[in-house]
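To keep things clear, I will list the structure first and then write my remarks on it.
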Amino acid sequence: MQVQTLKRSYTPEEYLELEATAEYKNEYRDGEIVPMTGGTTNHNKIVGSFYAFLKYALRGQNYNIYFVDVRLWIPRYRQYTYPDVMVIEGEPIYTGTNTTTVTNPSLIVEVLSKSTKNYDQGDKFLYYRSIPEFKEYILIDQTRYYAMQYSKTPDEKWLLSEYESENATVQLSSINLQINLNDIYEQVNFNDTEE
């Protein structure tokens, strides 16, 4: 005999209450609470390098750069998520009464893992595209030199550019900035790809 378990649906308010005391981070997907997978050392190095590069290059300019722990609310799809890196042009727009959740990134960076890459490239990108300020999406593979860049054109289309060599340079479209893949992948060991 097969036993079925009932899935409970949570309100956004219940999720936020549970998340405030959770020992690990969870995403909220339209009623479902989904535990986030642990990051690898390669994931951590790539996120750290991208964040540090942006933080240094954009100092003194009207941008706010966040990584890992700042939550994003996507109201149209009822999603709370934690992008690896977010850039907000100007001031952040918060949801709720605290400064833990933003709603207006123009650039989002995600480092792909085996368990999340299909979601990051599919449904999550769909959800991100509903954010009016969102202009650019960078997806970075942690197992080889490879990055995908989706840039929003003035006529509301998304243009894909791919970068596959160590010496490739990503020209950001939402910010007047370029970054080399060898800088993003500094100290990454592709032999350490366990997830």
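In the structure tokens, chains take letters A, B, ... by order of appearance, with residues numbered from 1 within each chain and ligands from 1 in the order shown.
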
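Non-sequential neighbours of Val47 (chain A) (distance at most 8 Å, separation of 5 or more positions within a chain, only C-alpha atoms) are A:Phe67, A:Asp84, A:Val85, A:Val111.
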
Please save C-alpha atoms of the selected residues as a compact mmCIF listing (two decimals), in the first residue's frame.
```
# COMPACT_ATOMS: atom_id res chain seq x y z
CA PHE A 67 24.86 38.83 -2.30
CA ASP A 84 23.65 34.88 -5.52
CA VAL A 85 24.34 38.52 -6.50
CA VAL A 111 26.02 30.39 -10.11
```

Do you have, as a Markdown table, the list of residues of region 4-118 of chain A lying at most 12 Å from region 167-176 of chain A, each with its nearest atom pair and that distance in Å to one decimal, counting only C-alpha atoms and ordered by chain then number?
```
| residue | atom | partner | partner_atom | distance |
| --- | --- | --- | --- | --- |
| A:Phe50 | CA | A:Val170 | CA | 11.6 |
| A:Leu54 | CA | A:Ile175 | CA | 9.8 |
| A:Ala57 | CA | A:Asn176 | CA | 10.0 |
| A:Leu58 | CA | A:Ile175 | CA | 9.1 |
| A:Gln61 | CA | A:Ile175 | CA | 10.7 |
| A:Asn62 | CA | A:Ile175 | CA | 10.9 |
| A:Tyr63 | CA | A:Ile175 | CA | 9.5 |
| A:Met86 | CA | A:Ser174 | CA | 11.8 |
| A:Val87 | CA | A:Ile175 | CA | 9.4 |
| A:Ile88 | CA | A:Ser174 | CA | 10.2 |
| A:Glu89 | CA | A:Ile175 | CA | 9.0 |
| A:Pro105 | CA | A:Ser174 | CA | 10.6 |
| A:Ser106 | CA | A:Ser174 | CA | 7.0 |
| A:Leu107 | CA | A:Ser174 | CA | 6.8 |
| A:Ile108 | CA | A:Ser174 | CA | 10.3 |
| A:Val109 | CA | A:Leu172 | CA | 11.3 |
```

Selected residues, N, CA, C and O atoms, written as an mmCIF file, in the first residue's frame, please.
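Contents of the output file result-v4.cif:
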```cif
data_model
loop_
_atom_site.group_PDB
_atom_site.id
_atom_site.type_symbol
_atom_site.label_atom_id
_atom_site.label_comp_id
_atom_site.auth_asym_id
_atom_site.auth_seq_id
_atom_site.Cartn_x
_atom_site.Cartn_y
_atom_site.Cartn_z
ATOM 1 N N PHE A 50 32.653 37.732 -8.100
ATOM 2 C CA PHE A 50 31.753 38.612 -8.849
ATOM 3 C C PHE A 50 31.307 39.776 -7.977
ATOM 4 O O PHE A 50 31.313 40.938 -8.399
ATOM 5 N N LEU A 54 32.249 43.799 -8.589
ATOM 6 C CA LEU A 54 31.211 44.820 -8.713
ATOM 7 C C LEU A 54 31.335 45.876 -7.612
ATOM 8 O O LEU A 54 31.219 47.076 -7.882
ATOM 9 N N ALA A 57 34.374 48.088 -8.476
ATOM 10 C CA ALA A 57 34.213 48.838 -9.728
ATOM 11 C C ALA A 57 33.117 49.897 -9.638
ATOM 12 O O ALA A 57 33.197 50.923 -10.317
ATOM 13 N N LEU A 58 32.105 49.671 -8.809
ATOM 14 C CA LEU A 58 30.969 50.590 -8.739
ATOM 15 C C LEU A 58 31.006 51.506 -7.521
ATOM 16 O O LEU A 58 30.042 52.229 -7.267
ATOM 17 N N GLN A 61 29.355 55.143 -6.984
ATOM 18 C CA GLN A 61 28.276 55.316 -7.958
ATOM 19 C C GLN A 61 26.941 54.957 -7.302
ATOM 20 O O GLN A 61 26.901 54.382 -6.219
ATOM 21 N N ASN A 62 25.869 55.243 -7.975
ATOM 22 C CA ASN A 62 24.535 55.078 -7.409
ATOM 23 C C ASN A 62 24.001 53.652 -7.603
ATOM 24 O O ASN A 62 22.963 53.449 -8.243
ATOM 25 N N TYR A 63 24.746 52.675 -7.073
ATOM 26 C CA TYR A 63 24.341 51.266 -7.145
ATOM 27 C C TYR A 63 24.452 50.639 -5.765
ATOM 28 O O TYR A 63 25.346 50.973 -4.985
ATOM 29 N N MET A 86 22.909 40.496 -6.547
ATOM 30 C CA MET A 86 21.927 41.424 -7.126
ATOM 31 C C MET A 86 22.525 42.816 -7.138
ATOM 32 O O MET A 86 23.207 43.206 -6.185
ATOM 33 N N VAL A 87 22.239 43.552 -8.202
ATOM 34 C CA VAL A 87 22.605 44.960 -8.271
ATOM 35 C C VAL A 87 21.326 45.761 -8.435
ATOM 36 O O VAL A 87 20.487 45.437 -9.283
ATOM 37 N N ILE A 88 21.193 46.786 -7.608
ATOM 38 C CA ILE A 88 20.054 47.690 -7.687
ATOM 39 C C ILE A 88 20.587 49.063 -8.052
ATOM 40 O O ILE A 88 21.495 49.582 -7.395
ATOM 41 N N GLU A 89 20.042 49.618 -9.124
ATOM 42 C CA GLU A 89 20.411 50.971 -9.513
ATOM 43 C C GLU A 89 19.579 51.937 -8.684
ATOM 44 O O GLU A 89 18.353 51.850 -8.640
ATOM 45 N N PRO A 105 15.863 44.628 -8.327
ATOM 46 C CA PRO A 105 17.193 44.501 -8.929
ATOM 47 C C PRO A 105 17.167 44.717 -10.443
ATOM 48 O O PRO A 105 16.203 44.353 -11.120
ATOM 49 N N SER A 106 18.227 45.324 -10.950
ATOM 50 C CA SER A 106 18.372 45.469 -12.405
ATOM 51 C C SER A 106 19.263 44.366 -12.967
ATOM 52 O O SER A 106 19.114 43.974 -14.119
ATOM 53 N N LEU A 107 20.184 43.847 -12.155
ATOM 54 C CA LEU A 107 21.097 42.771 -12.555
ATOM 55 C C LEU A 107 21.049 41.673 -11.508
ATOM 56 O O LEU A 107 21.108 41.957 -10.309
ATOM 57 N N ILE A 108 20.929 40.423 -11.972
ATOM 58 C CA ILE A 108 20.982 39.263 -11.079
ATOM 59 C C ILE A 108 22.000 38.292 -11.635
ATOM 60 O O ILE A 108 22.050 38.035 -12.838
ATOM 61 N N VAL A 109 22.825 37.738 -10.732
ATOM 62 C CA VAL A 109 23.824 36.740 -11.086
ATOM 63 C C VAL A 109 23.505 35.472 -10.307
ATOM 64 O O VAL A 109 23.286 35.523 -9.089
#
```

Determine, counting only C-alpha atoms, which protein, DNA and RNA residues have an atom within 12 Å of an atom of Ala20 (chain A); residues of the same chain fewer than 5 positions away are not included. Present the result as a compact mmCIF listing (two decimals) with all heavy atoms, in the first residue's frame.
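Result file is part-v5.txt:
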```txt
# COMPACT_ATOMS: atom_id res chain seq x y z
N GLU A 13 3.28 35.29 4.72
CA GLU A 13 3.51 35.71 6.11
C GLU A 13 4.01 34.55 6.98
O GLU A 13 4.91 34.73 7.80
CB GLU A 13 2.22 36.31 6.70
CG GLU A 13 1.74 37.58 6.02
CD GLU A 13 1.08 37.36 4.65
OE1 GLU A 13 0.60 36.24 4.37
OE2 GLU A 13 1.07 38.32 3.86
N GLU A 14 3.43 33.36 6.78
CA GLU A 14 3.89 32.19 7.53
C GLU A 14 5.33 31.85 7.16
O GLU A 14 6.15 31.53 8.03
CB GLU A 14 2.99 30.99 7.24
CG GLU A 14 1.61 31.09 7.87
CD GLU A 14 0.68 29.98 7.41
OE1 GLU A 14 0.73 29.59 6.21
OE2 GLU A 14 -0.11 29.50 8.24
N TYR A 15 5.64 31.92 5.88
CA TYR A 15 7.02 31.66 5.43
C TYR A 15 7.99 32.62 6.10
O TYR A 15 9.02 32.21 6.63
CB TYR A 15 7.12 31.79 3.91
CG TYR A 15 8.52 32.02 3.42
CD1 TYR A 15 9.44 30.97 3.35
CD2 TYR A 15 8.95 33.30 3.06
CE1 TYR A 15 10.75 31.19 2.92
CE2 TYR A 15 10.25 33.53 2.62
CZ TYR A 15 11.15 32.46 2.56
OH TYR A 15 12.44 32.69 2.15
N LYS A 25 18.57 28.63 5.05
CA LYS A 25 17.68 29.42 4.19
C LYS A 25 16.76 28.53 3.37
O LYS A 25 17.12 27.43 2.96
CB LYS A 25 18.51 30.30 3.26
CG LYS A 25 19.22 31.41 3.99
CD LYS A 25 19.92 32.34 3.04
CE LYS A 25 21.03 31.64 2.34
NZ LYS A 25 21.88 32.47 1.54
N ASN A 26 15.57 29.07 3.14
CA ASN A 26 14.55 28.41 2.32
C ASN A 26 13.99 29.41 1.33
O ASN A 26 13.90 30.60 1.63
CB ASN A 26 13.39 27.92 3.19
CG ASN A 26 13.83 26.93 4.24
OD1 ASN A 26 14.01 25.77 3.95
ND2 ASN A 26 14.02 27.40 5.47
N ARG A 71 17.15 38.79 0.51
CA ARG A 71 16.03 38.09 -0.12
C ARG A 71 15.38 38.98 -1.18
O ARG A 71 15.33 40.19 -1.04
CB ARG A 71 15.03 37.71 0.97
CG ARG A 71 13.96 36.75 0.58
CD ARG A 71 13.15 36.25 1.77
NE ARG A 71 12.91 37.25 2.77
CZ ARG A 71 13.20 37.09 4.09
NH1 ARG A 71 13.74 35.98 4.53
NH2 ARG A 71 12.95 38.06 4.94
N ASN A 98 11.10 45.69 7.27
CA ASN A 98 12.53 45.62 7.54
C ASN A 98 13.33 45.76 6.25
O ASN A 98 12.76 46.00 5.19
CB ASN A 98 12.87 44.31 8.28
CG ASN A 98 12.42 43.10 7.51
OD1 ASN A 98 12.50 43.06 6.29
ND2 ASN A 98 11.92 42.10 8.22
N THR A 100 15.39 43.39 4.87
CA THR A 100 15.90 42.07 4.49
C THR A 100 15.43 41.61 3.12
O THR A 100 16.00 40.68 2.56
CB THR A 100 15.48 40.99 5.52
OG1 THR A 100 14.06 40.97 5.59
CG2 THR A 100 16.07 41.28 6.89
N THR A 101 14.41 42.25 2.57
CA THR A 101 13.81 41.79 1.32
C THR A 101 13.64 42.97 0.36
O THR A 101 12.99 43.95 0.69
CB THR A 101 12.44 41.13 1.57
OG1 THR A 101 12.59 40.13 2.57
CG2 THR A 101 11.90 40.51 0.30
```

**Study point:** Sel. of alpha helix (DSSP H) residues, region 49-96 of chain A, as number ranges by chain
**Key:** A: 49-57
